[in-house]
Every structure is written in structure tokens, then in C-alpha cells.
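Pasted below: run-v7.csv, CSV, C-alpha atoms.
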```csv
chain,number,residue,atom,x,y,z
A,1,MET,CA,-21.2,1.5,-3.6
A,2,ALA,CA,-21.9,-2.1,-4.4
A,3,LYS,CA,-19.0,-4.5,-4.3
A,4,ILE,CA,-18.5,-7.4,-6.6
A,5,ILE,CA,-16.6,-10.4,-5.1
A,6,VAL,CA,-15.6,-13.4,-7.1
A,7,VAL,CA,-15.1,-16.8,-5.5
A,8,THR,CA,-12.5,-18.6,-7.6
A,9,SER,CA,-9.8,-21.2,-7.5
A,10,GLY,CA,-8.9,-22.7,-10.9
A,11,LYS,CA,-9.1,-26.3,-9.5
A,12,GLY,CA,-12.5,-28.0,-9.1
A,13,GLY,CA,-13.8,-29.5,-5.9
A,14,VAL,CA,-12.0,-27.2,-3.5
A,15,GLY,CA,-15.1,-25.6,-2.1
A,16,LYS,CA,-16.0,-22.6,-4.3
A,17,THR,CA,-19.8,-23.2,-4.2
A,18,THR,CA,-19.8,-24.1,-0.5
A,19,THR,CA,-17.8,-20.9,0.1
A,20,SER,CA,-20.0,-18.7,-2.1
A,21,ALA,CA,-23.1,-19.9,-0.3
A,22,ALA,CA,-21.6,-19.6,3.2
A,23,PHE,CA,-20.0,-16.3,2.5
A,24,ALA,CA,-23.1,-14.7,0.9
A,25,THR,CA,-25.3,-16.0,3.7
A,26,GLY,CA,-22.9,-14.6,6.2
A,27,LEU,CA,-23.0,-11.2,4.7
A,28,ALA,CA,-26.8,-11.2,4.6
A,29,LEU,CA,-26.9,-12.3,8.2
A,30,ARG,CA,-24.9,-9.1,9.0
A,31,GLY,CA,-27.7,-7.1,7.4
A,32,TYR,CA,-26.2,-6.5,4.0
A,33,GLN,CA,-28.3,-6.7,0.8
A,34,THR,CA,-26.6,-9.6,-0.8
A,35,VAL,CA,-27.0,-11.6,-4.0
A,36,VAL,CA,-25.0,-14.7,-5.0
A,37,ILE,CA,-24.7,-15.6,-8.7
A,38,ASP,CA,-23.9,-19.0,-10.2
A,39,PHE,CA,-21.6,-18.6,-13.2
A,40,ASP,CA,-21.3,-22.3,-13.8
A,41,VAL,CA,-23.4,-22.4,-17.0
A,42,GLY,CA,-24.3,-26.0,-17.8
A,43,LEU,CA,-23.4,-27.3,-14.4
A,44,ARG,CA,-25.4,-25.3,-12.0
A,45,ASN,CA,-25.1,-26.4,-8.4
A,46,LEU,CA,-25.3,-23.3,-6.2
A,47,ASP,CA,-29.1,-23.7,-6.2
A,48,LEU,CA,-28.7,-27.1,-4.6
A,49,VAL,CA,-26.2,-26.0,-1.9
A,50,MET,CA,-28.6,-23.0,-1.1
A,51,GLY,CA,-31.6,-25.4,-1.1
A,52,CYS,CA,-33.6,-23.5,-3.7
A,53,GLU,CA,-33.4,-25.9,-6.6
A,54,ARG,CA,-37.1,-26.3,-6.9
A,55,ARG,CA,-37.8,-22.6,-7.1
A,56,VAL,CA,-35.6,-22.0,-10.2
A,57,VAL,CA,-37.8,-20.8,-13.1
A,58,TYR,CA,-35.7,-18.2,-14.9
A,59,ASP,CA,-31.9,-18.1,-14.8
A,60,PHE,CA,-28.9,-15.9,-15.5
A,61,VAL,CA,-28.9,-16.6,-19.2
A,62,ASN,CA,-32.6,-16.0,-19.6
A,63,VAL,CA,-32.1,-12.5,-18.1
A,64,ILE,CA,-29.1,-11.8,-20.4
A,65,ASN,CA,-31.2,-12.9,-23.4
A,66,GLY,CA,-34.2,-10.9,-22.3
A,67,GLU,CA,-36.4,-14.0,-21.9
A,68,GLY,CA,-37.2,-13.2,-18.3
A,69,SER,CA,-36.7,-10.2,-16.1
A,70,LEU,CA,-34.1,-10.0,-13.3
A,71,ASN,CA,-36.9,-9.9,-10.7
A,72,GLN,CA,-38.3,-13.2,-12.1
A,73,ALA,CA,-35.0,-14.9,-12.0
A,74,LEU,CA,-33.8,-13.7,-8.5
A,75,ILE,CA,-34.8,-16.2,-5.8
A,76,LYS,CA,-35.3,-14.8,-2.4
A,77,ASP,CA,-33.9,-16.9,0.4
A,78,ARG,CA,-36.6,-18.1,2.9
A,79,ARG,CA,-34.4,-18.2,5.9
A,80,VAL,CA,-32.3,-15.0,5.7
A,81,GLU,CA,-33.5,-11.5,5.1
A,82,ASN,CA,-31.7,-9.6,2.3
A,83,LEU,CA,-30.3,-12.8,0.6
A,84,TYR,CA,-31.0,-13.6,-3.1
A,85,VAL,CA,-29.7,-16.3,-5.5
A,86,LEU,CA,-29.4,-15.9,-9.2
A,87,PRO,CA,-29.1,-19.4,-10.6
A,88,ALA,CA,-27.1,-20.5,-13.6
A,89,SER,CA,-28.7,-21.9,-16.7
A,90,GLN,CA,-28.4,-25.6,-17.6
A,91,THR,CA,-28.0,-24.8,-21.3
A,92,ARG,CA,-25.1,-26.5,-23.0
A,93,ASP,CA,-24.0,-23.4,-24.9
A,94,LYS,CA,-20.9,-22.4,-23.0
A,95,ASP,CA,-20.7,-19.0,-24.6
A,96,ALA,CA,-24.2,-18.0,-23.5
A,97,LEU,CA,-22.6,-15.6,-21.1
A,98,THR,CA,-21.3,-12.5,-22.9
A,99,LEU,CA,-19.2,-9.7,-21.4
A,100,LYS,CA,-21.9,-7.2,-22.5
A,101,GLY,CA,-24.7,-9.3,-21.1
A,102,VAL,CA,-23.0,-9.9,-17.8
A,103,ALA,CA,-22.1,-6.2,-17.5
A,104,ARG,CA,-25.7,-5.3,-18.0
A,105,VAL,CA,-27.0,-7.7,-15.3
A,106,LEU,CA,-24.3,-6.6,-12.8
A,107,GLU,CA,-25.1,-3.0,-13.4
A,108,ALA,CA,-28.8,-3.6,-12.6
A,109,LEU,CA,-27.9,-5.7,-9.5
A,110,LYS,CA,-25.5,-2.9,-8.3
A,111,LYS,CA,-28.5,-0.6,-7.8
A,112,ARG,CA,-30.2,-3.0,-5.5
A,113,PHE,CA,-27.5,-4.9,-3.7
A,114,GLU,CA,-24.5,-4.0,-1.5
A,115,TYR,CA,-22.6,-7.2,-2.1
A,116,ILE,CA,-22.6,-9.3,-5.3
A,117,VAL,CA,-20.9,-12.7,-4.9
A,118,CYS,CA,-19.9,-14.4,-8.1
A,119,ASP,CA,-19.5,-18.2,-7.8
A,120,SER,CA,-17.0,-19.1,-10.5
A,121,PRO,CA,-16.8,-22.4,-12.4
A,122,ALA,CA,-13.6,-24.4,-12.3
A,123,GLY,CA,-11.0,-24.0,-15.0
A,124,ILE,CA,-9.5,-21.0,-16.7
A,125,GLU,CA,-11.8,-20.7,-19.6
A,126,HIS,CA,-14.7,-18.5,-20.7
A,127,GLY,CA,-17.0,-19.1,-17.7
A,128,ALA,CA,-14.2,-18.4,-15.1
A,129,ILE,CA,-13.2,-15.2,-16.9
A,130,MET,CA,-16.8,-14.0,-17.0
A,131,ALA,CA,-17.1,-14.6,-13.3
A,132,MET,CA,-13.9,-12.7,-12.4
A,133,TYR,CA,-13.9,-10.0,-15.1
A,134,PHE,CA,-15.9,-7.3,-13.2
A,135,ALA,CA,-14.7,-8.2,-9.7
A,136,ASP,CA,-13.5,-5.7,-7.1
A,137,GLU,CA,-12.3,-8.3,-4.7
A,138,ALA,CA,-11.5,-12.0,-5.0
A,139,LEU,CA,-11.6,-14.9,-2.6
A,140,VAL,CA,-9.1,-17.5,-3.9
A,141,VAL,CA,-10.3,-20.8,-2.4
A,142,THR,CA,-7.3,-23.2,-2.0
A,143,ASN,CA,-6.8,-26.6,-0.5
A,144,PRO,CA,-3.5,-27.3,1.2
A,145,GLU,CA,-2.5,-29.6,-1.6
A,146,VAL,CA,0.0,-29.1,-4.5
A,147,SER,CA,-2.4,-29.1,-7.5
A,148,SER,CA,-4.8,-26.7,-5.8
A,149,VAL,CA,-2.0,-24.3,-4.8
A,150,ARG,CA,-0.5,-24.3,-8.3
A,151,ASP,CA,-3.9,-23.6,-9.9
A,152,SER,CA,-4.6,-20.8,-7.4
A,153,ASP,CA,-1.3,-19.2,-8.6
A,154,ARG,CA,-2.5,-19.4,-12.2
A,155,ILE,CA,-5.8,-17.8,-11.2
A,156,LEU,CA,-3.9,-14.9,-9.5
A,157,GLY,CA,-2.1,-14.3,-12.7
A,158,MET,CA,-5.4,-14.1,-14.5
A,159,LEU,CA,-6.9,-11.8,-11.9
A,160,ALA,CA,-3.9,-9.5,-12.5
A,161,SER,CA,-4.2,-9.4,-16.3
A,162,LYS,CA,-7.5,-10.6,-17.7
A,163,THR,CA,-10.0,-8.6,-15.7
A,164,ARG,CA,-11.6,-5.2,-16.2
A,165,ARG,CA,-9.5,-3.6,-13.5
A,166,ALA,CA,-6.3,-4.9,-15.2
A,167,VAL,CA,-7.4,-4.0,-18.7
A,168,GLN,CA,-8.5,-0.5,-17.8
A,169,ASN,CA,-5.5,0.2,-15.6
A,170,LEU,CA,-7.6,0.7,-12.5
A,171,PRO,CA,-6.4,-0.3,-9.0
A,172,PRO,CA,-6.0,-4.0,-9.0
A,173,ILE,CA,-8.5,-6.5,-7.6
A,174,LYS,CA,-8.0,-7.1,-3.9
A,175,GLU,CA,-7.1,-10.8,-3.5
A,176,TYR,CA,-7.6,-12.9,-0.4
A,177,LEU,CA,-6.6,-16.4,0.3
A,178,LEU,CA,-9.2,-18.7,1.8
A,179,LEU,CA,-7.8,-22.1,2.8
A,180,THR,CA,-10.4,-24.9,3.0
A,181,ARG,CA,-10.4,-28.5,3.9
A,182,TYR,CA,-7.6,-27.9,6.4
A,183,ILE,CA,-6.7,-30.7,8.8
A,184,ASP,CA,-4.8,-29.5,11.8
A,185,LYS,CA,-3.5,-32.9,12.8
A,186,ARG,CA,-2.1,-33.7,9.4
A,187,VAL,CA,-0.3,-30.4,9.4
A,188,ASP,CA,1.1,-31.1,12.8
A,189,ARG,CA,2.4,-34.5,11.5
A,190,GLY,CA,4.0,-32.8,8.6
A,191,ASP,CA,2.0,-34.5,5.9
A,192,MET,CA,-0.1,-31.5,4.9
A,193,LEU,CA,1.0,-28.0,3.8
A,194,SER,CA,0.5,-25.6,6.6
A,195,ALA,CA,-1.4,-22.3,6.3
A,196,LYS,CA,1.9,-20.5,6.7
A,197,ASP,CA,3.4,-22.5,3.8
A,198,VAL,CA,0.5,-21.8,1.4
A,199,GLY,CA,0.5,-18.1,2.5
A,200,GLU,CA,4.2,-17.8,1.7
A,201,ILE,CA,3.9,-19.5,-1.7
A,202,LEU,CA,0.9,-17.5,-2.9
A,203,ALA,CA,1.8,-14.3,-1.1
A,204,ILE,CA,-1.6,-12.8,-0.7
A,205,PRO,CA,-3.4,-11.9,2.6
A,206,MET,CA,-5.2,-14.8,4.3
A,207,LEU,CA,-8.8,-14.3,5.1
A,208,GLY,CA,-9.3,-17.5,7.0
A,209,ILE,CA,-8.9,-21.2,7.4
A,210,ILE,CA,-11.9,-23.5,7.1
A,211,PRO,CA,-11.3,-26.9,8.8
A,212,GLU,CA,-12.3,-30.1,7.0
A,213,SER,CA,-15.6,-31.0,8.6
A,214,THR,CA,-18.3,-33.6,8.1
A,215,THR,CA,-20.9,-30.9,8.8
A,216,ILE,CA,-20.2,-29.4,5.3
A,217,LEU,CA,-21.4,-32.5,3.5
A,218,GLN,CA,-24.4,-32.7,5.9
A,219,ALA,CA,-25.3,-29.1,5.2
A,220,SER,CA,-25.1,-29.5,1.4
A,221,ASN,CA,-27.1,-32.7,1.7
A,222,ALA,CA,-29.8,-30.6,3.3
A,223,GLY,CA,-29.4,-27.5,1.1
A,224,ILE,CA,-28.4,-25.3,4.1
A,225,PRO,CA,-25.5,-22.9,3.8
A,226,ILE,CA,-23.0,-23.9,6.5
A,227,THR,CA,-23.0,-20.5,8.1
A,228,LEU,CA,-26.6,-21.2,9.3
A,229,ASP,CA,-25.3,-24.2,11.4
A,230,ASN,CA,-24.3,-22.7,14.7
A,231,ASN,CA,-22.7,-25.9,15.9
A,232,SER,CA,-20.4,-26.4,13.0
A,233,GLU,CA,-16.8,-25.4,13.4
A,234,ALA,CA,-16.6,-24.8,9.7
A,235,GLY,CA,-19.7,-22.6,9.8
A,236,ILE,CA,-18.1,-20.6,12.6
A,237,ALA,CA,-14.9,-20.3,10.7
A,238,TYR,CA,-16.8,-18.9,7.7
A,239,LEU,CA,-18.5,-16.3,10.0
A,240,GLU,CA,-15.0,-15.3,11.1
A,241,VAL,CA,-14.1,-15.0,7.4
A,242,VAL,CA,-17.0,-12.6,6.9
A,243,ALA,CA,-16.1,-10.6,9.9
A,244,ARG,CA,-12.5,-10.3,8.7
A,245,PHE,CA,-13.7,-9.4,5.3
A,246,LEU,CA,-15.7,-6.6,6.8
A,247,GLY,CA,-12.6,-5.3,8.5
A,248,GLU,CA,-13.4,-6.5,12.0
A,249,GLU,CA,-11.5,-8.5,14.5
A,250,PRO,CA,-13.6,-11.7,15.0
A,251,PRO,CA,-14.5,-12.3,18.6
A,252,GLU,CA,-12.3,-14.5,20.7
A,253,ARG,CA,-13.4,-18.1,20.7
A,254,PRO,CA,-13.2,-20.1,24.0
A,255,LYS,CA,-11.3,-22.8,22.2
A,256,LYS,CA,-8.2,-21.6,20.3
A,257,SER,CA,-9.1,-21.4,16.6
A,258,ILE,CA,-6.7,-22.8,14.1
A,259,PHE,CA,-6.2,-19.3,12.8
A,260,THR,CA,-5.0,-17.9,16.1
A,261,LYS,CA,-2.9,-21.0,16.8
A,262,ILE,CA,-0.9,-20.2,13.6
A,263,PHE,CA,-0.9,-16.4,13.6
A,264,GLY,CA,-1.0,-15.6,17.3
A,265,ASN,CA,-3.8,-13.7,19.0
A,266,LYS,CA,-3.1,-10.4,17.4
A,267,ASN,CA,-4.0,-11.4,13.9
B,268,MET,CA,6.6,-36.4,16.3
B,269,SER,CA,6.4,-40.1,17.2
B,270,ILE,CA,9.3,-42.3,18.1
B,271,ILE,CA,8.9,-44.2,14.9
B,272,ASP,CA,9.8,-41.0,13.0
B,273,TYR,CA,13.3,-41.0,14.6
B,274,PHE,CA,14.0,-44.3,12.9
B,275,ARG,CA,12.9,-43.2,9.5
B,276,LEU,CA,16.1,-42.0,7.9
B,277,ASP,CA,14.3,-40.6,4.8
B,278,SER,CA,12.0,-38.7,7.1
B,279,GLN,CA,11.8,-35.5,5.2
B,280,LYS,CA,8.2,-34.5,5.7
B,281,SER,CA,6.0,-34.7,2.6
B,282,ALA,CA,4.7,-31.3,3.4
B,283,THR,CA,8.2,-29.9,3.2
B,284,VAL,CA,8.7,-31.6,-0.1
B,285,ALA,CA,5.4,-30.2,-1.4
B,286,LYS,CA,6.4,-26.7,-0.4
B,287,GLU,CA,9.8,-26.9,-2.1
B,288,ARG,CA,8.3,-28.2,-5.3
B,289,LEU,CA,5.6,-25.5,-5.3
B,290,GLN,CA,8.0,-22.7,-4.8
B,291,ILE,CA,9.9,-23.8,-7.9
B,292,ILE,CA,6.8,-24.2,-10.0
B,293,VAL,CA,5.3,-20.9,-8.9
B,294,ALA,CA,8.5,-19.0,-9.5
B,295,ARG,CA,8.6,-20.5,-13.0
B,296,GLN,CA,5.0,-19.8,-13.6
B,297,ARG,CA,5.6,-16.1,-12.8
B,298,GLY,CA,8.6,-15.9,-15.1
B,299,ASN,CA,11.7,-16.5,-12.9
B,300,GLY,CA,10.3,-15.0,-9.8
B,301,GLY,CA,8.8,-12.0,-11.5
B,302,SER,CA,5.4,-10.7,-10.9
B,303,ARG,CA,2.4,-12.6,-12.3
B,304,ALA,CA,1.3,-9.9,-14.7
B,305,LEU,CA,4.6,-10.0,-16.5
B,306,ASP,CA,3.9,-13.5,-17.7
B,307,PHE,CA,1.0,-12.2,-19.7
B,308,PHE,CA,2.4,-9.1,-21.2
B,309,ILE,CA,5.7,-10.4,-22.4
B,310,PRO,CA,4.5,-12.1,-25.5
B,311,LYS,CA,2.6,-9.0,-26.5
B,312,LEU,CA,5.6,-6.8,-25.7
B,313,GLN,CA,7.7,-9.0,-27.9
B,314,GLU,CA,5.2,-8.5,-30.8
B,315,ASP,CA,5.1,-4.8,-30.4
B,316,LEU,CA,8.9,-4.4,-30.2
B,317,LEU,CA,9.2,-6.5,-33.4
B,318,ASP,CA,6.8,-4.2,-35.2
B,319,VAL,CA,8.7,-1.1,-34.2
B,320,VAL,CA,12.1,-2.5,-35.2
B,321,LYS,CA,10.7,-3.8,-38.5
B,322,LYS,CA,9.8,-0.2,-39.4
B,323,TYR,CA,13.6,0.4,-39.7
B,324,VAL,CA,15.3,-2.9,-40.2
B,325,GLU,CA,14.1,-6.1,-41.8
B,326,ILE,CA,14.3,-8.8,-39.2
B,327,ASP,CA,12.8,-12.2,-38.7
B,328,ASN,CA,10.1,-12.8,-36.1
B,329,ASP,CA,12.3,-15.1,-34.1
B,330,GLN,CA,15.1,-12.6,-33.7
B,331,VAL,CA,13.8,-10.8,-30.7
B,332,ARG,CA,14.9,-12.6,-27.5
B,333,MET,CA,13.6,-11.5,-24.1
B,334,HIS,CA,14.7,-12.6,-20.7
B,335,LEU,CA,13.4,-11.6,-17.3
B,336,ASP,CA,15.8,-11.7,-14.4
B,337,LYS,CA,15.5,-10.9,-10.8
B,338,GLU,CA,18.2,-9.2,-8.7
B,339,GLY,CA,17.3,-8.3,-5.2
B,340,ASP,CA,14.2,-6.1,-5.4
B,341,TYR,CA,14.6,-5.4,-9.1
B,342,GLU,CA,13.3,-7.2,-12.2
B,343,ILE,CA,15.6,-6.8,-15.2
B,344,LEU,CA,14.1,-7.2,-18.6
B,345,GLU,CA,16.8,-8.0,-21.1
B,346,VAL,CA,15.9,-7.6,-24.8
B,347,ASN,CA,18.2,-8.9,-27.5
B,348,ILE,CA,17.7,-8.1,-31.1
B,349,PRO,CA,20.6,-9.1,-33.4
B,350,LEU,CA,20.5,-6.9,-36.6
B,351,PRO,CA,21.7,-8.8,-39.7
B,352,GLU,CA,24.9,-7.2,-41.2
B,353,GLU,CA,23.8,-7.3,-44.9
B,354,LYS,CA,20.5,-5.6,-44.1
B,355,LEU,CA,22.2,-2.8,-42.2
B,356,LYS,CA,24.7,-2.2,-45.1
B,357,LYS,CA,21.8,-1.8,-47.5
B,358,LEU,CA,20.4,1.0,-45.3
B,359,GLN,CA,23.7,2.9,-45.3
```
Any chance you could put this one into C-alpha cells?
Amino acid sequence: MAKIIVVTSGKGGVGKTTTSAAFATGLALRGYQTVVIDFDVGLRNLDLVMGCERRVVYDFVNVINGEGSLNQALIKDRRVENLYVLPASQTRDKDALTLKGVARVLEALKKRFEYIVCDSPAGIEHGAIMAMYFADEALVVTNPEVSSVRDSDRILGMLASKTRRAVQNLPPIKEYLLLTRYIDKRVDRGDMLSAKDVGEILAIPMLGIIPESTTILQASNAGIPITLDNNSEAGIAYLEVVARFLGEEPPERPKKSIFTKIFGNKN
Amino acid sequence: MSIIDYFRLDSQKSATVAKERLQIIVARQRGNGGSRALDFFIPKLQEDLLDVVKKYVEIDNDQVRMHLDKEGDYEILEVNIPLPEEKLKKLQ
């Protein structure tokens, strides 16, 4: 069965698109048929982060409106087998995404892919609801910072009430916390919320901690998902997130990871 | 912790302050420590209750008061609907 995963946060600039690109690439690297969809209609950026902006011809809204086929709109990644991108449209019509249209496209994708990653726009409006509505699981991307944590809590409220699973009284969406832009030293000094603090406040399982890293900007500059950079600590952390998502214990790293430092070796 | 920190009397760490503030906000956001979904269904429940009561007694829209409390592991939903005397008398 295909799984739909929404990458969401409420707040902008916390790393949703970076995470969507890295996570989808990580799943594809593990051999899963994966597609990543940009739901940010009007402000598409996933194509840039994935490095396929010059290959966009048809987009998500075109497919919904029947102006192009799904096959025409899907962009096959040139680096990783099994990885496809469905870009957002640059139209200014915010309501171009309809529940019916999105449902139809997702149904078609489900036949072909094992994982469908939905990159949500910021905010709590139409676009964000479209991105989360059909999700089975959610990665709630959060920075260790007050406004991001509060917004994540709002998003958790919406996941529990405004989605298909909530409306139809199905088992709820599985929610995971993903902490990004984490700076160990500042946490040690007591001027940044720790992973433990954020975990306690939001009270959902932690899938991983991505350290703040200059390599992330370099990767997006070049249009390379960070999980393809073997030398980046953030890239390695994302690969661990993928492993944990797949229910595995990530391999021991020679250097103690932030995650094991906080949660001990067993977690 | 550096030596300087020992001399800072107001040295409650900013992260600790952030955590305390967030815990209060989040509890309020979830309706006094209740679950997140409650926040969203309470207004609807209020409407529905009002419709049911109105079938029998004439009341105003603002006369249903709801309050969510937490005691240990339980959530207590308190609903208060004052019924106006005159209206009741008419019924009898």
C-alpha cells in the first residue's frame, strides 16, 4: 500500500522543502518508488531545491485541470532511480487545488508509487490543508524556537481535526517531530530549547534532529538534495531519519550523534 | 557553564524561560490542557446542543456555557444552560 506523508510546520522557513527533498531522496535511495509533490501553489521552490527547475513543463494544477497528463508533469530525477518530482504551479489562483482534484491525482500516484511525500506551504490556510488532508503520516518540522514550536502545536491540532482521517473517523495520522536547525552548543549553554524540551511540549515521537549546517545552503544553491552529500552531517542525520521512519535502528556512528547524546544509545 | 554565569544573578537561562512560556501557551491552545481535537469540536458541540435544547425551551444563543477542565487523567466537560423561569412556566 502506498503511503502519503505530509511535511508540514505552520511556520515558514523552518526547513519543510529542504526536508521534503532530503527525505524523498532518502526513501528513493533505499529503493522505494517515491514521488515528492510541491503543494505551494504560486510560490514553488521544491523544483529549485531538487535541481530540476529547468525541466518543469507541466505542473500539479495542469494535471488537475486536465491540461497535461500526470506522466507529462512528473519529472524523473537524473541522479536517483525511483525518484520523481511533481512541481507546483506558479499560478496566482490560490484555490487552484481542489479536494477532488488532489484526491484524483493522489489516487493515480498511489498505483505507481510506494511513498508520496507532500511538501506543504507555510500557514494554516487552503494550501496547507490540501497538503495534509489525505496524509497517513506527518513529519512536523520544527525549529527549537518559540514561534516555531507554537505553530507546530497549531498544526498538530489541524492534523487531528481537519484531515480525511479525522473527518472519516479513521485511525489518526501518525505524527512525528523533526527538529531542524539544531545547535548543540547553544543548547548546552542554555540559550536554545533542547530536543527534550520541544519533545515534552509537543508530546509526539521524535524522528530525528538535524543540526544547523552550512552544507544545507550549499546543497540548495546547487540544487542537490542534502541526502546526496555524504560528507554533510545534516545529510547523514536525514538518512538516519529515513532509517528510523522505516522502522530501523540507524547504524552506530563513530562520533556520537546529537540524537544518541540526548536519548542514550538505546533510542 | 562559565564563571561569568555565576555572577549573573538573573541567570535563569533563556531556554528555560522559553519552555515555561510555551507550556502555558500550548496548554491554552489545547483548551486548558485538553487534547488538541477538543479545541475544534467544542464550538460545533455548543451549536448542536443549543439546537437540541431549543426544540423544547426557548433560549438565547449565548446561554450555553461550556468549560473544559482537567483532573488527573480525566477531562471534564461542564455544560451550563440556564433555563429562563418565565419560559418554563409557559410550558407547564
ask   = At most 10 Å from (-5.8, -29.1, 2.9), file frame, only C-alpha atoms: which residues, as a list of chain:residue names?
value = A:Val14, A:Thr142, A:Asn143, A:Pro144, A:Glu145, A:Val146, A:Ser148, A:Val149, A:Leu179, A:Thr180, A:Arg181, A:Tyr182, A:Ile183, A:Asp184, A:Arg186, A:Val187, A:Asp191, A:Met192, A:Leu193, A:Ser194, A:Ala195, A:Val198, A:Ile209, A:Ile210, A:Pro211, A:Glu212
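The residue set within 12 Å of Glu248 of chain A, counting only C-alpha atoms and dropping same-chain residues fewer than 6 places from it, reads Leu207, Leu239, Glu240, Val241, Val242 and Asn267 of chain A.
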key: Pick from A:Gly66, A:Pro172, A:Gly51, A:Gly101 nearest to chain B, counting all atoms listed in the file   = A:Pro172
query = A:Gln168, A:Ser161, A:Leu177, A:Thr215: which is nearest chain B, counting all atoms listed in the file?
reply =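 Using all atoms listed in the file, the shortest distance to chain B belongs to A:Ser161.
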ask   = Distance atom CA of Asn231 of chain A-atom CA of Gly208 of chain A, one decimal place?
value =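 The value is 18.1 Å.
Reported to one decimal place, the separation of atom CA of Cys118 of chain A from atom CA of Tyr58 of chain A is 17.6 Å.
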task = Give the answer as one residue: which of A:Val61, A:Ala122, A:Ile201, A:Ile4 has the shortest atom-to-atom distance to Glu287 of chain B, using all atoms listed in the file?
result =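 Looking only at the distances to Glu287 of chain B, the closest residue turns out to be A:Ile201.
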Would you list the contacts of Ala128 of chain A as an mmCIF file with C-alpha atoms, in the coordinates of the input, taking every protein, DNA or RNA residue within 10 Å and counting all atoms listed in the file, but skipping same-chain residues closer than 3 positions in sequence?
```cif
data_model
loop_
_atom_site.group_PDB
_atom_site.id
_atom_site.type_symbol
_atom_site.label_atom_id
_atom_site.label_comp_id
_atom_site.auth_asym_id
_atom_site.auth_seq_id
_atom_site.Cartn_x
_atom_site.Cartn_y
_atom_site.Cartn_z
ATOM 1 C CA VAL A 6 -15.600 -13.400 -7.100
ATOM 2 C CA VAL A 7 -15.100 -16.800 -5.500
ATOM 3 C CA THR A 8 -12.500 -18.600 -7.600
ATOM 4 C CA SER A 9 -9.800 -21.200 -7.500
ATOM 5 C CA GLY A 10 -8.900 -22.700 -10.900
ATOM 6 C CA PHE A 39 -21.600 -18.600 -13.200
ATOM 7 C CA ASP A 40 -21.300 -22.300 -13.800
ATOM 8 C CA CYS A 118 -19.900 -14.400 -8.100
ATOM 9 C CA ASP A 119 -19.500 -18.200 -7.800
ATOM 10 C CA SER A 120 -17.000 -19.100 -10.500
ATOM 11 C CA PRO A 121 -16.800 -22.400 -12.400
ATOM 12 C CA ALA A 122 -13.600 -24.400 -12.300
ATOM 13 C CA GLY A 123 -11.000 -24.000 -15.000
ATOM 14 C CA ILE A 124 -9.500 -21.000 -16.700
ATOM 15 C CA GLU A 125 -11.800 -20.700 -19.600
ATOM 16 C CA ALA A 131 -17.100 -14.600 -13.300
ATOM 17 C CA MET A 132 -13.900 -12.700 -12.400
ATOM 18 C CA TYR A 133 -13.900 -10.000 -15.100
ATOM 19 C CA ILE A 155 -5.800 -17.800 -11.200
ATOM 20 C CA MET A 158 -5.400 -14.100 -14.500
#
```
message = So that I can see what lies close to segment 27-38 of chain A, please list as an MDAnalysis selection string the residues with an atom at most 6 Å from it, counting all atoms listed in the file and leaving out residues fewer than 5 positions away in the same chain.
response = chainID A and resid 82:88 113:119
key: Point-to-point distance in Å for atom CA of Lys3 of chain A and atom CA of Lys174 of chain A   = 11.3 Å
key: Within 8 Å of Asn347 of chain B using all atoms listed in the file, minus same-chain residues under 6 positions, as a PyMOL selection string   = chain B and resi 330-333
